[in-house]
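Below is coords04.txt, which holds compact mmCIF, C-alpha atoms.
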# COMPACT_ATOMS: atom_id res chain seq x y z
CA MET A 195 57.47 -113.90 94.03
CA ALA A 196 60.26 -115.71 95.80
CA THR A 197 59.32 -119.01 97.33
CA MET A 198 60.82 -121.49 99.73
CA HIS A 199 60.25 -125.13 100.42
CA LEU A 200 58.03 -126.02 103.33
CA SER A 201 57.52 -129.45 104.73
CA VAL A 202 55.30 -130.28 107.66
CA VAL A 203 56.10 -133.69 109.09
CA THR A 204 54.40 -135.67 111.84
CA PRO A 205 55.02 -139.20 113.11
CA ASP A 206 52.02 -140.28 111.03
CA GLY A 207 53.50 -138.95 107.84
CA SER A 208 53.95 -135.81 105.85
CA VAL A 209 51.11 -133.31 105.97
CA PHE A 210 52.37 -130.61 103.67
CA ASP A 211 55.21 -130.55 101.22
CA GLY A 212 55.67 -127.81 98.67
CA GLU A 213 56.78 -124.35 97.68
CA VAL A 214 55.31 -121.52 99.71
CA GLU A 215 55.59 -117.76 99.85
CA MET A 216 55.20 -117.24 103.54
CA VAL A 217 54.63 -119.15 106.73
CA SER A 218 53.48 -117.60 109.93
CA VAL A 219 53.66 -119.49 113.17
CA ARG A 220 53.23 -118.75 116.84
CA ALA A 221 56.48 -119.55 118.59
CA GLU A 222 57.00 -119.61 122.33
CA SER A 223 58.49 -116.15 122.10
CA GLY A 224 55.76 -114.67 119.90
CA GLU A 225 54.30 -114.52 116.43
CA MET A 226 56.85 -115.27 113.73
CA GLY A 227 56.43 -114.57 110.04
CA ILE A 228 58.88 -116.46 107.88
CA LEU A 229 59.69 -115.27 104.38
CA PRO A 230 62.27 -116.68 102.00
CA GLY A 231 65.78 -115.80 103.12
CA HIS A 232 65.02 -115.87 106.81
CA VAL A 233 67.91 -116.33 109.23
CA PRO A 234 68.36 -120.02 110.14
CA THR A 235 66.32 -120.50 113.28
CA VAL A 236 64.97 -123.20 115.52
CA ALA A 237 61.98 -122.37 117.68
CA PRO A 238 59.39 -124.38 119.58
CA LEU A 239 55.79 -123.73 118.63
CA LYS A 240 52.77 -123.11 120.75
CA ILE A 241 49.60 -125.04 120.13
CA ASP A 242 48.06 -122.84 117.50
CA ALA A 243 47.25 -122.51 113.85
CA VAL A 244 50.06 -122.28 111.32
CA ARG A 245 49.26 -120.04 108.38
CA ILE A 246 50.73 -121.00 105.04
CA LYS A 247 50.57 -118.64 102.07
CA TYR A 248 51.15 -120.03 98.63
CA GLU A 249 49.83 -119.45 95.11
CA ASN A 250 47.60 -116.68 96.43
CA LYS A 251 45.95 -119.11 98.78
CA VAL A 252 46.08 -119.28 102.53
CA LYS A 253 46.06 -122.64 104.22
CA LEU A 254 45.66 -123.24 107.90
CA LEU A 255 47.02 -126.16 109.88
CA ALA A 256 46.25 -126.96 113.50
CA VAL A 257 49.60 -127.83 115.01
CA SER A 258 50.38 -129.16 118.46
CA GLU A 259 53.63 -130.01 120.20
CA GLY A 260 55.94 -128.97 117.48
CA PHE A 261 58.83 -126.82 116.49
CA VAL A 262 59.97 -125.01 113.39
CA GLU A 263 63.37 -125.27 111.80
CA VAL A 264 64.26 -122.57 109.30
CA ARG A 265 67.12 -123.12 106.91
CA SER A 266 68.35 -120.73 104.26
CA ASP A 267 66.22 -122.34 101.56
CA ALA A 268 63.71 -124.47 103.42
CA VAL A 269 61.40 -124.52 106.38
CA ASN A 270 60.57 -127.66 108.31
CA ILE A 271 57.80 -127.94 110.82
CA LEU A 272 57.90 -131.03 112.99
CA ALA A 273 54.93 -131.66 115.18
CA GLU A 274 53.21 -134.46 116.98
CA SER A 275 50.10 -133.60 115.12
CA ALA A 276 49.21 -131.26 112.27
CA GLU A 277 45.73 -131.27 110.82
CA THR A 278 44.21 -129.64 107.77
CA PRO A 279 40.73 -128.14 108.04
CA GLY A 280 39.28 -131.15 106.24
CA GLU A 281 40.65 -133.58 108.79
CA ILE A 282 39.17 -131.83 111.77
CA ASP A 283 35.87 -132.91 113.18
CA PRO A 284 34.37 -129.68 114.52
CA LYS A 285 31.83 -131.55 116.60
CA ARG A 286 34.51 -133.49 118.38
CA ALA A 287 36.60 -130.40 118.94
CA ARG A 288 33.60 -128.57 120.40
CA ILE A 289 32.90 -131.44 122.78
CA ALA A 290 36.56 -131.53 123.79
CA LYS A 291 36.41 -127.80 124.40
CA GLU A 292 33.38 -128.07 126.61
CA ARG A 293 34.90 -130.92 128.54
CA ALA A 294 38.13 -129.02 129.12
CA GLU A 295 36.27 -125.91 130.20
CA GLU A 296 34.18 -127.89 132.59
CA ARG A 297 37.26 -129.44 134.08
CA LEU A 298 38.88 -126.06 134.48
CA ASP A 299 35.86 -124.86 136.40
CA ARG A 300 36.48 -127.43 139.08
CA ILE A 301 39.77 -125.94 140.07
CA ASN A 302 40.52 -127.70 143.32
CA GLU A 303 42.21 -130.59 141.60
CA GLU A 304 45.80 -131.57 141.12
CA GLU A 305 48.11 -129.36 139.16
CA ILE A 306 48.70 -131.86 136.40
CA ASP A 307 45.04 -132.12 135.61
CA VAL A 308 44.74 -128.39 135.23
CA MET A 309 47.74 -128.38 132.92
CA ARG A 310 46.26 -131.13 130.83
CA ALA A 311 42.87 -129.50 130.68
CA LYS A 312 44.45 -126.23 129.62
CA LEU A 313 46.38 -127.94 126.85
CA ALA A 314 43.27 -129.79 125.74
CA LEU A 315 41.36 -126.54 125.66
CA LYS A 316 44.06 -124.92 123.59
CA ARG A 317 44.07 -127.78 121.13
CA ALA A 318 40.32 -127.73 120.82
CA ASN A 319 40.28 -123.99 120.25
CA THR A 320 42.97 -124.25 117.62
CA ARG A 321 41.10 -126.99 115.82
CA LEU A 322 37.90 -124.97 115.82
CA LYS A 323 39.72 -121.91 114.57
CA VAL A 324 41.33 -123.83 111.74
CA SER A 325 38.17 -125.65 110.73
CA GLU A 326 36.26 -122.39 110.57
CA GLY A 327 39.06 -120.89 108.53
CA SER A 328 39.31 -117.69 110.52
CA MET B 230 43.75 -198.93 111.98
CA ALA B 231 41.18 -196.25 112.69
CA SER B 232 37.77 -196.70 111.22
CA LEU B 233 36.75 -195.06 107.97
CA LYS B 234 34.38 -192.73 109.72
CA GLU B 235 37.01 -191.57 112.18
CA ILE B 236 39.50 -190.77 109.47
CA LYS B 237 36.89 -188.89 107.49
CA GLY B 238 36.10 -186.78 110.53
CA ARG B 239 39.72 -185.91 111.05
CA ILE B 240 40.19 -184.94 107.43
CA GLN B 241 37.27 -182.60 107.65
CA SER B 242 38.38 -180.94 110.87
CA THR B 243 41.91 -180.49 109.54
CA LYS B 244 40.50 -178.86 106.42
CA LYS B 245 38.48 -176.47 108.55
CA THR B 246 41.56 -175.53 110.54
CA LYS B 247 43.43 -175.00 107.33
CA GLN B 248 40.80 -172.55 106.15
CA ILE B 249 41.27 -170.52 109.29
CA THR B 250 45.04 -170.51 109.22
CA SER B 251 45.23 -169.61 105.57
CA ALA B 252 42.75 -166.78 106.09
CA MET B 253 44.82 -165.51 109.00
CA GLU B 254 47.91 -165.71 106.87
CA MET B 255 46.37 -163.46 104.28
CA VAL B 256 45.05 -161.03 106.86
CA SER B 257 48.46 -160.80 108.46
CA ALA B 258 50.08 -160.25 105.09
CA SER B 259 47.89 -157.27 104.40
CA LYS B 260 48.40 -155.88 107.89
CA LEU B 261 52.12 -156.33 107.50
CA ASN B 262 51.96 -154.30 104.35
CA LYS B 263 50.27 -151.45 106.15
CA ALA B 264 52.60 -151.68 109.12
CA GLN B 265 55.56 -151.32 106.82
CA GLN B 266 54.03 -148.28 105.21
CA ASN B 267 53.47 -146.72 108.62
CA ALA B 268 57.06 -147.33 109.55
CA GLN B 269 58.15 -145.68 106.32
CA ARG B 270 56.01 -142.61 106.86
CA TYR B 271 57.35 -142.16 110.33
CA GLU B 272 60.98 -142.33 109.25
CA PRO B 273 61.44 -138.69 108.09
CA TYR B 274 60.03 -137.32 111.34
CA THR B 275 62.48 -139.00 113.66
CA LYS B 276 65.36 -138.34 111.29
CA LYS B 277 64.59 -134.64 111.24
CA ILE B 278 64.34 -134.40 115.00
CA LYS B 279 67.60 -136.22 115.37
CA ASP B 280 69.23 -133.84 112.90
CA VAL B 281 68.13 -130.85 114.88
CA VAL B 282 69.02 -132.35 118.26
CA SER B 283 72.51 -133.28 117.18
CA GLY B 284 72.78 -129.93 115.41
CA ILE B 285 72.14 -128.18 118.69
CA ALA B 286 74.45 -130.48 120.59
CA ALA B 287 77.22 -129.99 118.07
CA GLY B 288 76.74 -126.28 117.51
CA SER B 289 76.72 -125.14 121.08
CA SER B 290 78.86 -126.87 123.64
CA GLY B 291 78.24 -126.74 127.35
CA ILE B 292 74.52 -127.29 127.14
CA SER B 293 73.19 -129.65 129.69
CA HIS B 294 69.88 -131.38 130.09
CA PRO B 295 68.97 -134.27 132.37
CA MET B 296 68.13 -136.40 129.36
CA LEU B 297 71.63 -136.04 127.97
CA GLU B 298 73.51 -136.92 131.11
CA GLU B 299 74.19 -140.24 132.71
CA ARG B 300 73.45 -140.42 136.37
CA PRO B 301 74.17 -143.14 138.90
CA VAL B 302 71.75 -145.95 138.21
CA LYS B 303 69.62 -146.94 141.14
CA LYS B 304 66.70 -148.26 139.18
CA THR B 305 66.34 -149.29 135.57
CA GLY B 306 63.19 -149.05 133.54
CA TYR B 307 62.34 -151.40 130.71
CA ILE B 308 59.65 -151.17 128.09
CA ALA B 309 58.86 -154.56 126.62
CA ILE B 310 56.67 -154.86 123.56
CA PHE B 311 54.72 -158.09 123.23
CA THR B 312 51.60 -158.89 121.25
CA ASP B 313 47.98 -158.80 122.33
CA GLN B 314 47.09 -162.00 120.56
CA GLY B 315 48.91 -165.27 120.27
CA LEU B 316 49.45 -167.36 117.14
CA ALA B 317 52.58 -165.48 116.28
CA GLY B 318 55.08 -168.29 116.48
CA ALA B 319 58.00 -167.75 118.81
CA TYR B 320 57.55 -163.98 118.82
CA ASN B 321 56.63 -163.57 122.47
CA SER B 322 58.74 -166.35 123.90
CA ASN B 323 61.85 -165.00 122.17
CA ILE B 324 61.48 -161.62 123.82
CA LEU B 325 60.62 -163.16 127.14
CA ARG B 326 63.62 -165.45 127.11
CA ASP B 327 66.13 -162.74 126.25
CA LEU B 328 64.60 -160.24 128.62
CA MET B 329 64.58 -162.66 131.55
CA GLN B 330 68.16 -163.60 130.87
CA LYS B 331 69.31 -159.98 130.81
CA LEU B 332 67.35 -159.15 133.93
CA ARG B 333 68.99 -162.01 135.79
CA GLU B 334 72.44 -160.96 134.61
CA ARG B 335 72.07 -157.32 135.44
CA HIS B 336 70.09 -157.18 138.61
CA GLN B 337 70.39 -158.81 141.96
CA SER B 338 66.98 -157.96 143.29
CA LYS B 339 63.59 -157.08 141.93
CA ASP B 340 63.80 -153.62 143.46
CA GLU B 341 66.37 -152.62 140.90
CA TYR B 342 64.10 -152.55 137.89
CA THR B 343 60.59 -152.12 136.70
CA VAL B 344 58.91 -153.03 133.45
CA ILE B 345 56.31 -151.25 131.39
CA VAL B 346 54.72 -154.01 129.42
CA ILE B 347 52.79 -153.61 126.19
CA GLY B 348 50.57 -156.45 125.04
CA ARG B 349 48.29 -158.91 126.77
CA THR B 350 50.46 -162.00 126.28
CA GLY B 351 53.44 -160.20 127.73
CA ARG B 352 51.49 -159.09 130.75
CA ASP B 353 50.34 -162.62 131.50
CA LEU B 354 53.81 -164.07 131.04
CA LEU B 355 55.56 -161.49 133.21
CA LYS B 356 52.92 -161.83 135.88
CA ARG B 357 53.52 -165.54 135.97
CA TYR B 358 57.24 -165.01 136.50
CA GLY B 359 56.67 -162.35 139.14
CA ILE B 360 58.44 -159.54 137.30
CA PRO B 361 57.66 -156.14 138.81
CA MET B 362 55.47 -154.22 136.41
CA PHE B 363 55.10 -150.49 136.56
CA ASP B 364 52.27 -150.39 134.12
CA GLU B 365 50.63 -152.49 131.45
CA ILE B 366 49.20 -151.35 128.17
CA THR B 367 46.92 -153.64 126.25
CA GLY B 368 44.59 -153.35 123.33
CA LEU B 369 46.64 -151.09 121.11
CA PRO B 370 45.28 -150.89 117.58
CA ASP B 371 47.02 -152.78 114.80
CA GLN B 372 47.96 -149.60 113.04
CA PRO B 373 48.63 -147.26 115.95
CA SER B 374 48.71 -143.55 115.27
CA PHE B 375 50.98 -141.37 117.33
CA ASN B 376 47.98 -140.20 119.28
CA ASP B 377 47.10 -143.74 120.34
CA ILE B 378 50.38 -144.31 122.06
CA LYS B 379 50.97 -140.87 123.43
CA ASN B 380 50.00 -141.97 126.92
CA VAL B 381 52.58 -144.72 126.81
CA THR B 382 55.41 -142.54 125.60
CA ARG B 383 54.57 -139.77 128.03
CA LEU B 384 54.43 -142.24 130.89
CA ALA B 385 57.83 -143.64 130.05
CA VAL B 386 59.49 -140.28 129.54
CA ASP B 387 57.97 -138.92 132.74
CA LEU B 388 59.25 -141.93 134.61
CA TYR B 389 62.74 -140.88 133.66
CA ALA B 390 62.17 -137.17 134.13
CA ASN B 391 60.84 -137.69 137.66
CA GLU B 392 63.90 -139.80 138.44
CA ASP B 393 61.84 -142.86 139.20
CA VAL B 394 64.22 -144.65 136.93
CA ASP B 395 67.72 -143.61 135.94
CA GLU B 396 67.91 -145.30 132.59
CA LEU B 397 65.34 -146.59 130.18
CA TYR B 398 65.59 -149.45 127.72
CA ILE B 399 63.14 -150.72 125.18
CA TRP B 400 62.79 -154.35 124.13
CA TYR B 401 61.08 -155.34 120.94
CA ASN B 402 61.33 -157.55 117.89
CA HIS B 403 63.08 -155.74 115.10
CA PHE B 404 61.67 -156.44 111.67
CA ILE B 405 64.26 -157.83 109.28
CA ASN B 406 61.96 -159.53 106.79
CA PRO B 407 58.65 -161.34 107.11
CA ILE B 408 60.28 -164.55 108.26
CA GLN B 409 62.99 -163.03 110.40
CA GLN B 410 62.69 -160.94 113.51
CA LYS B 411 65.46 -160.07 115.86
CA VAL B 412 65.00 -159.36 119.53
CA THR B 413 66.48 -155.93 120.02
CA GLU B 414 67.35 -153.91 123.06
CA LYS B 415 67.71 -150.20 122.63
CA LYS B 416 68.75 -147.65 125.17
CA LEU B 417 66.27 -144.79 125.12
CA LEU B 418 67.37 -142.55 127.92
CA PRO B 419 69.70 -140.91 128.66
CA LEU B 420 70.35 -140.05 125.05
CA THR B 421 74.10 -140.31 125.29
CA GLU B 422 74.80 -142.28 122.15
CA GLU B 423 72.27 -140.59 119.94
CA VAL B 424 73.67 -137.14 120.45
CA SER B 425 77.36 -137.83 120.59
CA GLU B 426 79.69 -135.59 118.65
CA GLU B 427 78.28 -136.77 115.37
CA ASP B 428 78.70 -133.74 113.14
CA SER B 429 75.50 -132.80 111.49
CA LYS B 430 76.04 -131.96 107.88
CA GLY B 431 74.82 -128.70 106.50
CA THR B 432 73.39 -127.43 109.74
CA ALA B 433 74.48 -123.85 109.75
CA GLN B 434 74.53 -121.94 112.97
CA TYR B 435 70.96 -121.46 114.01
CA GLU B 436 69.33 -118.71 115.90
CA TYR B 437 67.65 -120.33 118.84
CA GLU B 438 64.39 -118.82 119.93
CA PRO B 439 64.28 -118.31 122.88
CA SER B 440 67.42 -120.31 123.83
CA PRO B 441 69.08 -123.64 123.05
CA GLU B 442 68.21 -124.91 126.52
CA ALA B 443 64.54 -124.11 126.13
CA ILE B 444 64.46 -125.88 122.79
CA LEU B 445 66.18 -128.96 124.14
CA LYS B 446 63.69 -129.01 126.95
CA GLN B 447 60.89 -129.45 124.47
CA LEU B 448 62.75 -131.35 121.83
CA LEU B 449 64.37 -134.12 123.83
CA PRO B 450 61.16 -135.54 125.31
CA GLN B 451 59.62 -135.30 121.87
CA TYR B 452 62.58 -137.17 120.43
CA ALA B 453 62.46 -139.87 123.09
CA GLU B 454 58.76 -140.28 122.49
CA SER B 455 59.29 -140.59 118.78
CA LEU B 456 61.87 -143.32 119.39
CA ILE B 457 59.35 -145.32 121.38
CA TYR B 458 56.79 -144.86 118.65
CA GLY B 459 59.32 -146.02 116.08
CA ALA B 460 60.08 -149.14 118.09
CA LEU B 461 56.40 -149.85 118.38
CA LEU B 462 55.83 -149.57 114.64
CA ASP B 463 58.80 -151.82 114.06
CA ALA B 464 57.43 -154.33 116.57
CA LYS B 465 54.02 -154.28 114.92
CA ALA B 466 55.55 -155.06 111.55
CA SER B 467 57.47 -157.93 113.15
CA GLU B 468 54.33 -159.20 114.79
CA PHE B 469 52.46 -159.47 111.52
CA GLY B 470 55.48 -160.96 109.82
CA ALA B 471 55.78 -163.57 112.55
CA ARG B 472 52.09 -164.33 112.46
CA MET B 473 52.08 -164.60 108.69
CA THR B 474 55.00 -167.04 108.78
CA ALA B 475 53.52 -169.08 111.60
CA MET B 476 50.18 -169.29 109.83
CA SER B 477 51.72 -170.23 106.53
CA ALA B 478 53.65 -173.02 108.28
CA ALA B 479 50.42 -174.15 109.93
CA THR B 480 48.64 -174.18 106.56
CA ASP B 481 51.45 -176.27 105.05
CA ASN B 482 51.27 -178.69 107.94
CA ALA B 483 47.53 -178.96 107.55
CA ASN B 484 48.00 -179.74 103.86
CA ASN B 485 50.48 -182.50 104.65
CA MET B 486 48.20 -183.91 107.26
CA VAL B 487 45.22 -183.94 104.91
CA ASP B 488 47.36 -185.76 102.34
CA ASP B 489 48.47 -188.36 104.88
CA LEU B 490 44.98 -188.83 106.19
CA THR B 491 43.54 -189.15 102.70
CA LEU B 492 46.11 -191.84 101.98
CA SER B 493 45.20 -193.83 105.06
CA TYR B 494 41.53 -193.28 104.31
CA ASN B 495 41.96 -194.77 100.86
CA ARG B 496 43.98 -197.65 102.25
CA ALA B 497 41.37 -198.40 104.85
CA ARG B 498 38.62 -198.27 102.25
CA GLN B 499 40.59 -200.55 99.92
CA ALA B 500 41.27 -202.94 102.77
CA ALA B 501 37.56 -203.08 103.55
CA VAL B 502 36.70 -203.74 99.89
CA THR B 503 39.32 -206.46 99.63
CA GLN B 504 38.10 -208.09 102.78
CA GLU B 505 34.54 -208.09 101.51
CA ILE B 506 35.57 -209.72 98.22
CA THR B 507 37.60 -212.34 100.07
CA GLU B 508 34.63 -213.10 102.23
CA ILE B 509 32.30 -213.45 99.24
CA VAL B 510 34.78 -215.63 97.37
CA GLY B 511 35.32 -217.69 100.50
CA GLY B 512 31.57 -218.07 100.97
CA ALA B 513 31.06 -219.11 97.33
CA ALA B 514 33.88 -221.65 97.58
CA ALA B 515 32.34 -223.15 100.70
CA LEU B 516 29.07 -223.71 98.81
CA GLU B 517 30.64 -225.76 96.04
Show the structure stored in the file as structure tokens.
Amino acid sequence: MATMHLSVVTPDGSVFDGEVEMVSVRAESGEMGILPGHVPTVAPLKIDAVRIKYENKVKLLAVSEGFVEVRSDAVNILAESAETPGEIDPKRARIAKERAEERLDRINEEEIDVMRAKLALKRANTRLKVSEGS
Amino acid sequence: MASLKEIKGRIQSTKKTKQITSAMEMVSASKLNKAQQNAQRYEPYTKKIKDVVSGIAAGSSGISHPMLEERPVKKTGYIAIFTDQGLAGAYNSNILRDLMQKLRERHQSKDEYTVIVIGRTGRDLLKRYGIPMFDEITGLPDQPSFNDIKNVTRLAVDLYANEDVDELYIWYNHFINPIQQKVTEKKLLPLTEEVSEEDSKGTAQYEYEPSPEAILKQLLPQYAESLIYGALLDAKASEFGARMTAMSAATDNANNMVDDLTLSYNRARQAAVTQEITEIVGGAAALE
């Protein structure tokens, strides 16, 4: 099967670097499946899991604040954070989730706080999803 | 000449100090090593973002974004990176001196600028000189991860985005080698120089999802934040380099001092012995 080179880079270093068969990401405009030979594209990513398929395995990464750059032969994902299931602490994510939900319940606060709580909730959910491998 | 006991005491206390400084030298050396590795790991990230940003700027003309455009400057923002702890030689005073000089040259009044200061020493120094501080950040870890400094970068970028300041500079010590640091000023925002018509090699025409503007909107703050993070990693490496050098100089000085003191200790002891002999001989002679 045809492969392409994927590298996932964060400010704290490279998280993934290797040949893959398919990458699927959630871009701002919707779900995007990238196969070798994709049209060169740049798209911002939502906070969500990135699904990487290679050597008959599927690997999940929890990505936040990133974007994807597709070239003819390579895919680059640049994100502020990208975590593998092993790096995620489910307990911490669950606590973060509860905290964010609690904050969202008290709605009569400033707009920024709601935004931040929503983002935090999204990150926590993504982390949980990735760590559970679903 | 000081008494034997006094000299002995000084030798011992100098030796104790030497133990501390040489331990700190070694600690700094190992931290420096890590800091350099961090800086290396971060390099590809910022390079990639820059590639894409300049690719967009080059590929599609007529795109505008507040972060790419100069606007009349009413207020200037500075980020100054100092250290939390002292014992780093001239590290902090170098930055302070250059920063103060530039501030005096550029601005007539204190309303024209504001400083975000990182590091406890810097905060204390700037407070003493009455420099207006927008915010202070202290207690950053020695090996900061991007997450640790996200609040700082977001604060700075928001300051520009909300038009509280119209340009943003960062001041830090650039790491040249462990014994050399250079005070560096870098313009962060607007990103006029970074994204000039530098042609990006090999960047074919991209499809932009959903649009180039929307991507810039996300990418430019991310890029600016990554620049701040890069400066911080650089500054951390400089800090450990400076501390290592300062501590190694202190250890050398302590060694010299112990040598000198040992010499005078031996002299004093010899003088005492000689005196005693003279006295005995004198006493014996008087008896004859």
* Asked: Could you write out as an MDAnalysis selection string the residues of chain B within 9 Å of chain A, counting only C-alpha atoms?
  -> chainID B and resid 267:275 277:278 281 374:376 432:441 443:444 447:448 451 455 458:459
* Please tell me which residues are no farther than 8 Å from (38.5, -125.4, 128.1) in the file, counting all atoms listed in the file, and write them as a PyMOL selection string. => chain A and resi 290-298+311-312+314-316+318
* Would you mind telling me which residue in B:Met296, B:Ile285, B:Ala464, B:Gly359 lies nearest to Asn391 of chain B when using all atoms listed in the file? =>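 So, comparing all the options, the nearest one is B:Met296.
Counting only C-alpha atoms, the residue from A:Asn319, A:Ala268, A:Val262, A:Met309 that sits nearest to Ala287 of chain A is A:Asn319.
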* Kindly indicate which residue among A:Lys253, A:Asp299, A:Ile241, A:Asp267 lies nearest to Arg321 of chain A, using all atoms listed in the file for the distances. =>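 That would be A:Ile241, the residue with the smallest distance to Arg321 of chain A.
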* Counting all atoms listed in the file, the residue of B:Thr421, B:Leu328, B:Ser257, B:Gly306 that sits nearest Tyr398 of chain B ->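 Smallest distance to Tyr398 of chain B is found for B:Gly306.
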* Would you please work out which residue, of B:Lys465, B:Arg496, B:His336, B:Arg472, is nearest to Lys263 of chain B when using only C-alpha atoms? =>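 Under the stated criterion, the closest residue is B:Lys465.
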Distance table requested - segment 417-516 of chain B against segment 244-252 of chain B, cut-off 12 Å, all atoms listed in the file: one row per qualifying residue with the closest atom pair and its distance in Å to one decimal, ordered by chain and rising residue number, as JSON lines.
{"residue": "B:Arg472", "atom": "CA", "partner": "B:Thr250", "partner_atom": "CA", "distance": 9.9}
{"residue": "B:Met473", "atom": "CA", "partner": "B:Ser251", "partner_atom": "CA", "distance": 9.0}
{"residue": "B:Thr474", "atom": "CA", "partner": "B:Thr250", "partner_atom": "CA", "distance": 10.6}
{"residue": "B:Ala475", "atom": "CA", "partner": "B:Thr250", "partner_atom": "CA", "distance": 8.9}
{"residue": "B:Met476", "atom": "CA", "partner": "B:Thr250", "partner_atom": "CA", "distance": 5.3}
{"residue": "B:Ser477", "atom": "CA", "partner": "B:Ser251", "partner_atom": "CA", "distance": 6.6}
{"residue": "B:Ala478", "atom": "CA", "partner": "B:Thr250", "partner_atom": "CA", "distance": 9.0}
{"residue": "B:Ala479", "atom": "CA", "partner": "B:Thr250", "partner_atom": "CA", "distance": 6.5}
{"residue": "B:Thr480", "atom": "CA", "partner": "B:Lys247", "partner_atom": "CA", "distance": 5.3}
{"residue": "B:Asp481", "atom": "CA", "partner": "B:Lys247", "partner_atom": "CA", "distance": 8.4}
{"residue": "B:Asn482", "atom": "CA", "partner": "B:Lys247", "partner_atom": "CA", "distance": 8.7}
{"residue": "B:Ala483", "atom": "CA", "partner": "B:Lys247", "partner_atom": "CA", "distance": 5.7}
{"residue": "B:Asn484", "atom": "CA", "partner": "B:Lys247", "partner_atom": "CA", "distance": 7.4}
{"residue": "B:Asn485", "atom": "CA", "partner": "B:Lys247", "partner_atom": "CA", "distance": 10.6}
{"residue": "B:Met486", "atom": "CA", "partner": "B:Lys244", "partner_atom": "CA", "distance": 9.2}
{"residue": "B:Val487", "atom": "CA", "partner": "B:Lys244", "partner_atom": "CA", "distance": 7.1}
{"residue": "B:Asp488", "atom": "CA", "partner": "B:Lys244", "partner_atom": "CA", "distance": 10.6}
{"residue": "B:Leu490", "atom": "CA", "partner": "B:Lys244", "partner_atom": "CA", "distance": 10.9}
{"residue": "B:Thr491", "atom": "CA", "partner": "B:Lys244", "partner_atom": "CA", "distance": 11.4}
* To do: Please provide the set of residues having any atom within 7 Å of Glu213 of chain A, restricted to all atoms listed in the file, with same-chain residues fewer than 6 positions apart removed, written as a ChimeraX atom specification.
  => /A:197-200
* What is the distance between atom CA of Ser322 of chain B and atom CA of Glu468 of chain B, in Å to one decimal? -> 12.4 Å
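Closest to Asn402 of chain B among B:Val344, B:Ala515, B:Ala390, B:Ala466 is B:Ala466, based on all atoms listed in the file.
For the atom pair formed by atom CA of Thr305 of chain B and atom CA of Gly348 of chain B, the distance is 20.3 Å, given to one decimal.
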* To do: Name the residues in contact with Asp283 of chain A at a cut-off of 12 Å, using only C-alpha atoms, excluding same-chain residues fewer than 4 positions from it; report them as an MDAnalysis selection string.
  => chainID A and resid 256 277:279 287:290 318 321:326
* State, in Å with one decimal place, the distance from atom CA of Lys279 of chain B to atom CA of Leu445 of chain B. =>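 Taking atom CA of Lys279 of chain B as the start and atom CA of Leu445 of chain B as the end point, the length is 11.5 Å.
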Centre, x/y/z edge lengths, axis-aligned box for segment 262-274 of chain A with 6 Å per side, as AutoDock Vina command-line options:
--center_x 60.8 --center_y -127.6 --center_z 109.3 --size_x 27.1 --size_y 25.7 --size_z 27.4
